[in-house]
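What follows is structure_8.cif (mmCIF, C-alpha atoms).
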data_structure
loop_
_atom_site.group_PDB
_atom_site.id
_atom_site.type_symbol
_atom_site.label_atom_id
_atom_site.label_comp_id
_atom_site.auth_asym_id
_atom_site.auth_seq_id
_atom_site.Cartn_x
_atom_site.Cartn_y
_atom_site.Cartn_z
ATOM 1 C CA MET A 11 74.465 99.750 150.309
ATOM 2 C CA THR A 12 73.829 96.026 150.573
ATOM 3 C CA THR A 13 75.534 94.437 153.552
ATOM 4 C CA VAL A 14 77.353 91.232 152.725
ATOM 5 C CA PRO A 15 76.545 88.605 155.363
ATOM 6 C CA TYR A 16 79.473 87.283 157.333
ATOM 7 C CA SER A 17 80.545 83.764 156.350
ATOM 8 C CA PRO A 18 82.284 81.614 158.975
ATOM 9 C CA ILE A 19 85.969 81.029 158.279
ATOM 10 C CA PRO A 20 87.125 77.584 157.137
ATOM 11 C CA SER A 21 88.208 75.032 159.699
ATOM 12 C CA LEU A 22 91.614 75.636 161.245
ATOM 13 C CA HIS A 23 91.439 72.321 163.040
ATOM 14 C CA GLY A 24 94.705 71.485 164.772
ATOM 15 C CA THR A 25 96.618 74.549 163.532
ATOM 16 C CA GLN A 26 98.981 75.591 166.327
ATOM 17 C CA VAL A 27 98.793 79.361 166.775
ATOM 18 C CA ILE A 28 100.275 81.947 169.137
ATOM 19 C CA ILE A 29 98.475 85.303 169.216
ATOM 20 C CA THR A 30 100.059 88.212 171.060
ATOM 21 C CA GLY A 31 97.990 91.149 172.245
ATOM 22 C CA GLY A 32 95.162 88.729 172.941
ATOM 23 C CA ALA A 33 93.664 90.646 175.869
ATOM 24 C CA SER A 34 91.898 93.308 173.827
ATOM 25 C CA GLY A 35 90.902 94.649 170.428
ATOM 26 C CA MET A 36 91.765 92.742 167.284
ATOM 27 C CA GLY A 37 93.964 90.274 169.171
ATOM 28 C CA ALA A 38 91.073 89.270 171.419
ATOM 29 C CA ALA A 39 88.764 88.857 168.424
ATOM 30 C CA LEU A 40 91.321 86.617 166.734
ATOM 31 C CA VAL A 41 91.688 84.466 169.855
ATOM 32 C CA ARG A 42 87.935 83.892 169.945
ATOM 33 C CA ALA A 43 87.567 83.288 166.202
ATOM 34 C CA PHE A 44 90.561 80.982 165.791
ATOM 35 C CA ALA A 45 89.594 78.892 168.815
ATOM 36 C CA ARG A 46 86.047 78.619 167.457
ATOM 37 C CA ALA A 47 87.442 77.473 164.098
ATOM 38 C CA GLY A 48 89.355 74.608 165.676
ATOM 39 C CA ALA A 49 92.865 76.032 165.993
ATOM 40 C CA ARG A 50 94.985 75.238 169.019
ATOM 41 C CA VAL A 51 95.539 78.740 170.416
ATOM 42 C CA VAL A 52 97.788 80.279 173.028
ATOM 43 C CA SER A 53 97.018 83.920 173.726
ATOM 44 C CA MET A 54 99.711 86.187 175.148
ATOM 45 C CA ASP A 55 99.445 89.607 176.773
ATOM 46 C CA ARG A 56 100.896 91.547 179.662
ATOM 47 C CA ALA A 57 97.340 92.254 180.894
ATOM 48 C CA ILE A 58 96.998 89.003 182.818
ATOM 49 C CA ALA A 59 93.449 89.255 184.159
ATOM 50 C CA ALA A 60 91.958 90.587 180.922
ATOM 51 C CA GLY A 61 93.832 88.036 178.824
ATOM 52 C CA ALA A 62 92.684 85.131 180.963
ATOM 53 C CA GLU A 63 89.109 86.426 180.819
ATOM 54 C CA ILE A 64 89.166 86.556 176.997
ATOM 55 C CA VAL A 65 90.424 82.973 176.839
ATOM 56 C CA ALA A 66 87.747 81.802 179.274
ATOM 57 C CA ASP A 67 85.150 83.503 177.105
ATOM 58 C CA ALA A 68 86.631 81.993 173.933
ATOM 59 C CA ASN A 69 86.570 78.522 175.459
ATOM 60 C CA GLU A 70 82.794 78.606 175.784
ATOM 61 C CA GLN A 71 82.656 78.049 172.010
ATOM 62 C CA ALA A 72 86.141 76.670 171.328
ATOM 63 C CA ALA A 73 86.529 73.421 169.454
ATOM 64 C CA ILE A 74 89.824 72.959 171.320
ATOM 65 C CA PRO A 75 90.358 74.885 174.594
ATOM 66 C CA ALA A 76 92.689 77.868 174.237
ATOM 67 C CA ASN A 77 95.372 78.762 176.773
ATOM 68 C CA PHE A 78 96.736 82.049 178.093
ATOM 69 C CA VAL A 79 100.356 82.873 178.958
ATOM 70 C CA GLY A 80 101.372 86.219 180.424
ATOM 71 C CA CYS A 81 104.009 87.995 178.325
ATOM 72 C CA ASP A 82 105.583 91.429 178.028
ATOM 73 C CA VAL A 83 106.663 91.521 174.381
ATOM 74 C CA ALA A 84 109.235 94.245 175.106
ATOM 75 C CA ASP A 85 111.112 92.003 177.560
ATOM 76 C CA GLU A 86 113.355 89.321 176.083
ATOM 77 C CA ALA A 87 113.247 86.960 179.065
ATOM 78 C CA SER A 88 109.464 87.217 179.213
ATOM 79 C CA VAL A 89 109.099 86.451 175.492
ATOM 80 C CA THR A 90 111.498 83.499 175.620
ATOM 81 C CA ARG A 91 109.721 81.992 178.627
ATOM 82 C CA ALA A 92 106.250 82.583 177.188
ATOM 83 C CA PHE A 93 107.107 80.964 173.851
ATOM 84 C CA SER A 94 108.629 77.943 175.553
ATOM 85 C CA GLU A 95 105.470 77.465 177.631
ATOM 86 C CA ALA A 96 103.209 78.058 174.650
ATOM 87 C CA VAL A 97 104.947 75.582 172.342
ATOM 88 C CA VAL A 98 104.725 72.904 175.016
ATOM 89 C CA ALA A 99 101.006 73.596 175.481
ATOM 90 C CA LEU A 100 100.412 73.584 171.714
ATOM 91 C CA GLU A 101 102.653 70.565 171.127
ATOM 92 C CA GLY A 102 104.308 72.475 168.300
ATOM 93 C CA LEU A 103 103.907 75.727 166.391
ATOM 94 C CA ASP A 104 102.581 76.645 162.951
ATOM 95 C CA THR A 105 101.666 80.337 163.056
ATOM 96 C CA VAL A 106 102.473 83.424 165.117
ATOM 97 C CA ILE A 107 100.167 86.430 164.889
ATOM 98 C CA HIS A 108 101.863 89.384 166.534
ATOM 99 C CA ALA A 109 99.071 91.846 167.287
ATOM 100 C CA ALA A 110 100.465 93.399 170.479
ATOM 101 C CA GLY A 111 101.276 97.102 170.340
ATOM 102 C CA ILE A 112 100.392 100.576 171.530
ATOM 103 C CA ALA A 113 99.249 103.676 169.625
ATOM 104 C CA PRO A 114 99.449 106.841 171.736
ATOM 105 C CA GLY A 115 98.895 110.247 170.186
ATOM 106 C CA CYS A 116 100.952 113.413 170.574
ATOM 107 C CA PRO A 117 102.131 116.270 168.326
ATOM 108 C CA ALA A 118 105.608 115.483 167.050
ATOM 109 C CA GLU A 119 107.239 118.476 168.723
ATOM 110 C CA ASN A 120 105.883 117.424 172.118
ATOM 111 C CA ILE A 121 107.045 113.796 172.091
ATOM 112 C CA SER A 122 109.429 113.146 174.953
ATOM 113 C CA VAL A 123 112.365 110.757 174.783
ATOM 114 C CA SER A 124 110.665 108.458 177.276
ATOM 115 C CA GLU A 125 107.453 108.399 175.212
ATOM 116 C CA TRP A 126 109.437 107.669 172.043
ATOM 117 C CA ASP A 127 111.332 104.849 173.750
ATOM 118 C CA ASN A 128 108.140 103.372 175.215
ATOM 119 C CA VAL A 129 106.432 103.209 171.811
ATOM 120 C CA PHE A 130 109.482 101.684 170.141
ATOM 121 C CA ALA A 131 109.895 99.177 172.957
ATOM 122 C CA ALA A 132 106.322 97.919 172.615
ATOM 123 C CA ASN A 133 105.970 98.067 168.840
ATOM 124 C CA THR A 134 109.411 97.642 167.318
ATOM 125 C CA ARG A 135 111.458 95.802 169.931
ATOM 126 C CA GLY A 136 108.359 93.695 170.609
ATOM 127 C CA THR A 137 108.172 92.653 166.961
ATOM 128 C CA PHE A 138 111.898 91.887 166.912
ATOM 129 C CA LEU A 139 111.738 89.729 170.055
ATOM 130 C CA VAL A 140 108.536 87.895 169.155
ATOM 131 C CA ASN A 141 109.766 87.145 165.641
ATOM 132 C CA LYS A 142 113.126 85.892 166.925
ATOM 133 C CA ALA A 143 111.359 83.602 169.389
ATOM 134 C CA ALA A 144 109.058 82.373 166.634
ATOM 135 C CA PHE A 145 112.019 81.677 164.355
ATOM 136 C CA ALA A 146 113.685 79.520 166.994
ATOM 137 C CA HIS A 147 110.642 77.228 167.001
ATOM 138 C CA LEU A 148 109.817 77.383 163.267
ATOM 139 C CA ARG A 149 113.211 77.025 161.614
ATOM 140 C CA GLU A 150 112.989 73.212 161.501
ATOM 141 C CA THR A 151 109.366 72.997 160.364
ATOM 142 C CA GLY A 152 108.535 76.254 158.576
ATOM 143 C CA GLY A 153 105.449 78.288 159.318
ATOM 144 C CA ARG A 154 103.777 81.666 159.204
ATOM 145 C CA ILE A 155 104.596 84.926 160.991
ATOM 146 C CA LEU A 156 102.073 87.758 160.707
ATOM 147 C CA ASN A 157 103.122 91.110 162.151
ATOM 148 C CA PHE A 158 100.689 93.945 162.734
ATOM 149 C CA ALA A 159 102.054 97.020 160.996
ATOM 150 C CA SER A 160 99.887 100.017 160.095
ATOM 151 C CA GLY A 161 99.103 102.314 157.214
ATOM 152 C CA ALA A 162 100.694 104.936 159.460
ATOM 153 C CA GLY A 163 104.026 103.184 158.958
ATOM 154 C CA ILE A 164 103.737 103.757 155.201
ATOM 155 C CA LYS A 165 102.046 107.142 154.784
ATOM 156 C CA GLY A 166 102.479 108.655 158.270
ATOM 157 C CA GLN A 167 99.738 109.832 160.601
ATOM 158 C CA PRO A 168 99.423 113.301 162.152
ATOM 159 C CA ASN A 169 99.810 113.395 165.933
ATOM 160 C CA LYS A 170 101.285 109.895 165.911
ATOM 161 C CA ALA A 171 104.813 110.428 164.629
ATOM 162 C CA HIS A 172 106.399 108.018 167.118
ATOM 163 C CA TYR A 173 103.758 105.361 166.396
ATOM 164 C CA SER A 174 104.167 105.862 162.628
ATOM 165 C CA ALA A 175 107.953 105.583 162.882
ATOM 166 C CA SER A 176 107.736 102.428 164.979
ATOM 167 C CA LYS A 177 105.409 100.774 162.476
ATOM 168 C CA GLY A 178 107.612 101.873 159.577
ATOM 169 C CA ALA A 179 110.386 99.938 161.287
ATOM 170 C CA VAL A 180 108.078 96.921 161.576
ATOM 171 C CA VAL A 181 107.503 97.037 157.815
ATOM 172 C CA ALA A 182 111.248 97.187 157.082
ATOM 173 C CA TRP A 183 111.985 94.386 159.558
ATOM 174 C CA THR A 184 109.245 92.200 158.091
ATOM 175 C CA ARG A 185 110.510 92.562 154.531
ATOM 176 C CA THR A 186 114.098 91.870 155.575
ATOM 177 C CA VAL A 187 113.475 88.721 157.604
ATOM 178 C CA ALA A 188 111.116 87.458 154.884
ATOM 179 C CA HIS A 189 114.211 87.422 152.657
ATOM 180 C CA GLU A 190 116.406 85.785 155.274
ATOM 181 C CA TRP A 191 113.996 83.170 156.608
ATOM 182 C CA GLY A 192 112.333 82.047 153.392
ATOM 183 C CA ARG A 193 114.892 79.279 152.982
ATOM 184 C CA TYR A 194 113.514 77.732 156.158
ATOM 185 C CA GLY A 195 109.990 77.664 154.781
ATOM 186 C CA ILE A 196 108.972 80.571 157.001
ATOM 187 C CA THR A 197 106.826 83.308 155.514
ATOM 188 C CA VAL A 198 106.719 86.727 157.177
ATOM 189 C CA ASN A 199 104.057 89.258 156.267
ATOM 190 C CA ALA A 200 102.713 92.478 157.751
ATOM 191 C CA ILE A 201 99.071 93.429 158.171
ATOM 192 C CA ALA A 202 97.894 97.039 157.834
ATOM 193 C CA PRO A 203 94.358 96.968 159.255
ATOM 194 C CA ALA A 204 91.700 99.654 159.415
ATOM 195 C CA ILE A 205 89.289 97.818 161.677
ATOM 196 C CA SER A 206 86.839 99.064 164.265
ATOM 197 C CA THR A 207 87.676 98.124 167.868
ATOM 198 C CA PRO A 208 86.263 98.960 171.306
ATOM 199 C CA MET A 209 89.092 101.491 171.711
ATOM 200 C CA TYR A 210 88.005 103.226 168.502
ATOM 201 C CA ALA A 211 84.415 103.307 169.742
ATOM 202 C CA LYS A 212 85.633 104.893 172.970
ATOM 203 C CA THR A 213 87.564 107.511 171.018
ATOM 204 C CA ARG A 214 84.482 108.328 168.958
ATOM 205 C CA SER A 215 82.393 108.733 172.091
ATOM 206 C CA LYS A 216 84.723 111.484 173.305
ATOM 207 C CA MET A 217 84.583 113.510 170.074
ATOM 208 C CA SER A 218 82.352 116.541 169.740
ATOM 209 C CA PRO A 219 79.512 116.313 167.192
ATOM 210 C CA GLN A 220 81.411 118.686 164.921
ATOM 211 C CA ALA A 221 84.675 116.735 165.168
ATOM 212 C CA LEU A 222 82.852 113.468 164.619
ATOM 213 C CA ALA A 223 81.137 114.811 161.508
ATOM 214 C CA ILE A 224 84.480 115.937 160.058
ATOM 215 C CA HIS A 225 86.065 112.594 160.905
ATOM 216 C CA ASP A 226 83.261 110.569 159.328
ATOM 217 C CA ALA A 227 83.234 112.725 156.201
ATOM 218 C CA LYS A 228 86.966 112.169 155.715
ATOM 219 C CA MET A 229 86.580 108.407 156.225
ATOM 220 C CA ALA A 230 83.758 108.328 153.679
ATOM 221 C CA ALA A 231 85.919 110.197 151.164
ATOM 222 C CA ASP A 232 89.074 108.129 151.717
ATOM 223 C CA MET A 233 87.678 104.577 151.898
ATOM 224 C CA PRO A 234 85.983 103.204 148.749
ATOM 225 C CA ILE A 235 84.508 100.226 150.636
ATOM 226 C CA ASP A 236 81.884 101.242 153.223
ATOM 227 C CA GLY A 237 83.548 104.589 153.966
ATOM 228 C CA ALA A 238 84.178 103.421 157.515
ATOM 229 C CA LEU A 239 86.428 101.106 159.473
ATOM 230 C CA GLY A 240 85.879 97.413 158.858
ATOM 231 C CA ASP A 241 84.313 94.794 161.086
ATOM 232 C CA CYS A 242 86.762 92.452 162.797
ATOM 233 C CA GLU A 243 84.805 89.219 162.339
ATOM 234 C CA ARG A 244 83.700 89.944 158.786
ATOM 235 C CA ASP A 245 86.722 91.699 157.336
ATOM 236 C CA LEU A 246 89.855 90.855 159.362
ATOM 237 C CA VAL A 247 89.430 87.323 160.651
ATOM 238 C CA PRO A 248 88.931 85.549 157.281
ATOM 239 C CA VAL A 249 92.071 87.131 155.823
ATOM 240 C CA LEU A 250 94.193 86.254 158.860
ATOM 241 C CA ALA A 251 92.797 82.730 158.818
ATOM 242 C CA PHE A 252 93.896 82.244 155.217
ATOM 243 C CA LEU A 253 97.324 83.781 155.805
ATOM 244 C CA SER A 254 97.822 81.399 158.746
ATOM 245 C CA THR A 255 97.554 78.297 156.562
ATOM 246 C CA ASP A 256 99.679 76.557 153.956
ATOM 247 C CA GLY A 257 97.426 78.064 151.312
ATOM 248 C CA ALA A 258 99.491 81.223 151.851
ATOM 249 C CA ARG A 259 102.895 79.507 151.572
ATOM 250 C CA PHE A 260 103.834 81.525 148.450
ATOM 251 C CA ILE A 261 103.086 84.943 149.984
ATOM 252 C CA THR A 262 105.892 86.598 151.920
ATOM 253 C CA GLY A 263 107.446 89.997 152.593
ATOM 254 C CA GLN A 264 104.182 91.779 151.859
ATOM 255 C CA VAL A 265 102.276 94.557 153.583
ATOM 256 C CA ILE A 266 98.661 93.439 153.268
ATOM 257 C CA PRO A 267 96.167 96.272 153.779
ATOM 258 C CA ILE A 268 92.802 95.207 155.196
ATOM 259 C CA ASP A 269 91.432 98.694 155.086
ATOM 260 C CA GLY A 270 88.673 99.207 152.547
ATOM 261 C CA GLY A 271 91.109 100.793 150.094
ATOM 262 C CA LEU A 272 92.517 103.438 152.410
ATOM 263 C CA LEU A 273 96.157 102.949 151.422
ATOM 264 C CA MET A 274 95.271 102.626 147.758
ATOM 265 C CA VAL A 275 93.584 106.008 147.768
ATOM 266 C CA ARG A 276 96.327 107.789 149.658
#
Rendering of file as C-alpha cells:
Amino acid sequence: MTTVPYSPIPSLHGTQVIITGGASGMGAALVRAFARAGARVVSMDRAIAAGAEIVADANEQAAIPANFVGCDVADEASVTRAFSEAVVALEGLDTVIHAAGIAPGCPAENISVSEWDNVFAANTRGTFLVNKAAFAHLRETGGRILNFASGAGIKGQPNKAHYSASKGAVVAWTRTVAHEWGRYGITVNAIAPAISTPMYAKTRSKMSPQALAIHDAKMAADMPIDGALGDCERDLVPVLAFLSTDGARFITGQVIPIDGGLLMVR
C-alpha cells in the first residue's frame, strides 16, 4: 500500500487553545503540533512534571511559546483555577480540546464501585467540569469545544464496560450542550479516535506472539484504511486543527470518528 506523506497543518497563528491531558499520548502530540503551527497553547494535566516537560519540548519548535497549568479535571476548584490562569496567559480563548481521560480494563463482573466511580470522575465528570469552565469564557465570544469520546461509547468494548459507559455519557452530554450552547456561537463536538500512542505500543509489547497475531488480524479485518491504528501527526492532528477553527463553525453535536472506518464497519 502506498503511504501518503504527511502534510503540515495550516497555520493556526494566534488561535487561543486549551488542551487537557497534555502530558501524554494524543494530548501531548496536539500540544506540540498546535504550538508548532502558531497557536497560543496552554496545556493542562494533573501530571505536573510530565506536562511541563512536554511543553518545554514543544517550545523548542513553537512559533509562540506554550504554557503549562496543573489541573485535575475531576476537581471543580482545580478546573476553575486552571481555566482562569490559562485565559489570562492566552489573553482570551477560542478552542478547548478536552483529551484528558483514563481507560482501565476489567471484566464487567469484577468492576468495583470505587473503580467505576474513578473512571466516571475522570472521564465524565471531567468533561462536565471542563466544558462548564469553557462555556463561562466562551459565551460572550463563541468558540469550539472538542471532547474526546470513543468508539467504545457507541458500540461498547469488552473488558472496558466502565470506560465504555463513561464515554457513552460524554457523547450524550456533547450532543445536549451542542443544542443548548449553539445560540452563543459555541460548537461542541466529540472525537472518536483510533490512533496509535505510546501506551498502545506498551500494551502490544506485553502481548504474546499468538495474542498479537489475533489482535492484528482483527484490526486488519475491521479497519478498511491501513488495517491498523492511525498515526497521530498524519491522521489526528489535521482534523483537530480544522475543527478548532472558524472553518468548522457549522459543525456541532457530532461524533467524528478518526478511526480508519472502524465505526462504519461495526
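Taking only C-alpha atoms into account, A:Ala62 lies nearest to A:Phe78 out of the set A:Ile29, A:Phe78, A:Gln264, A:His225.
Take the PyMOL selection byres ((chain A and resi 232) around 10) and apply it to this file: it picks Asp226, Ala227, Lys228, Met229, Ala230, Ala231, Met233, Pro234, Ile235, Gly237, Ala238, Gly270, Gly271, Leu272, Leu273, Met274, Val275 and Arg276 of chain A.
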- Query: Excluding same-chain residues fewer than 3 positions from A:Val27, what lies within 9 Å of it counting all atoms listed in the file, as an MDAnalysis selection string?
  - Reply: chainID A and resid 44 49:53 100 102:107 254
- For A:Asp241, work out the shell of residues within 12 Å, counting all atoms listed in the file and skipping chain neighbours fewer than 2 positions away, then give it as number ranges by chain. A: 13-16, 35-36, 39, 203-208, 210, 235-236, 238-239, 243-248, 268-270
- Task: Run through the PyMOL selection byres ((chain A and resi 109) around 8) on the given coordinates and return the selected residues as a count of residues only.
- Result: 12
Could you state which residues are captured by the PyMOL selection byres ((chain A and resi 20) around 8) in this file, as an mmCIF file with C-alpha atoms, keeping the file's coordinate frame?
data_model
loop_
_atom_site.group_PDB
_atom_site.id
_atom_site.type_symbol
_atom_site.label_atom_id
_atom_site.label_comp_id
_atom_site.auth_asym_id
_atom_site.auth_seq_id
_atom_site.Cartn_x
_atom_site.Cartn_y
_atom_site.Cartn_z
ATOM 1 C CA PRO A 18 82.284 81.614 158.975
ATOM 2 C CA ILE A 19 85.969 81.029 158.279
ATOM 3 C CA SER A 21 88.208 75.032 159.699
ATOM 4 C CA LEU A 22 91.614 75.636 161.245
ATOM 5 C CA ALA A 47 87.442 77.473 164.098
ATOM 6 C CA ALA A 251 92.797 82.730 158.818
#
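Atom pair atom CA of A:Glu190 / atom CA of A:Lys165: separated by 25.7 Å.
Coordinates place atom CA of A:Thr25 at a distance of 19.1 Å from atom CA of A:Thr262.
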Per-residue nearest contacts stretch 143-190 of chain A to stretch 124-133 of chain A, cut-off 9 Å, using all atoms listed in the file, as JSON lines:
{"residue": "A:Ala159", "atom": "CA", "partner": "A:Asn133", "partner_atom": "CA", "distance": 8.8}
{"residue": "A:His172", "atom": "CA", "partner": "A:Trp126", "partner_atom": "CA", "distance": 5.8}
{"residue": "A:Tyr173", "atom": "CA", "partner": "A:Val129", "partner_atom": "CA", "distance": 6.4}
{"residue": "A:Ala175", "atom": "CA", "partner": "A:Phe130", "partner_atom": "CA", "distance": 8.4}
{"residue": "A:Ser176", "atom": "CA", "partner": "A:Phe130", "partner_atom": "CA", "distance": 5.5}
{"residue": "A:Lys177", "atom": "CA", "partner": "A:Asn133", "partner_atom": "CA", "distance": 6.9}
{"residue": "A:Ala179", "atom": "CA", "partner": "A:Asn133", "partner_atom": "CA", "distance": 8.9}
{"residue": "A:Val180", "atom": "CA", "partner": "A:Asn133", "partner_atom": "CA", "distance": 7.7}
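Of note, atom CA of A:Ser160 and atom CA of A:Ala182 are spaced 12.1 Å apart.
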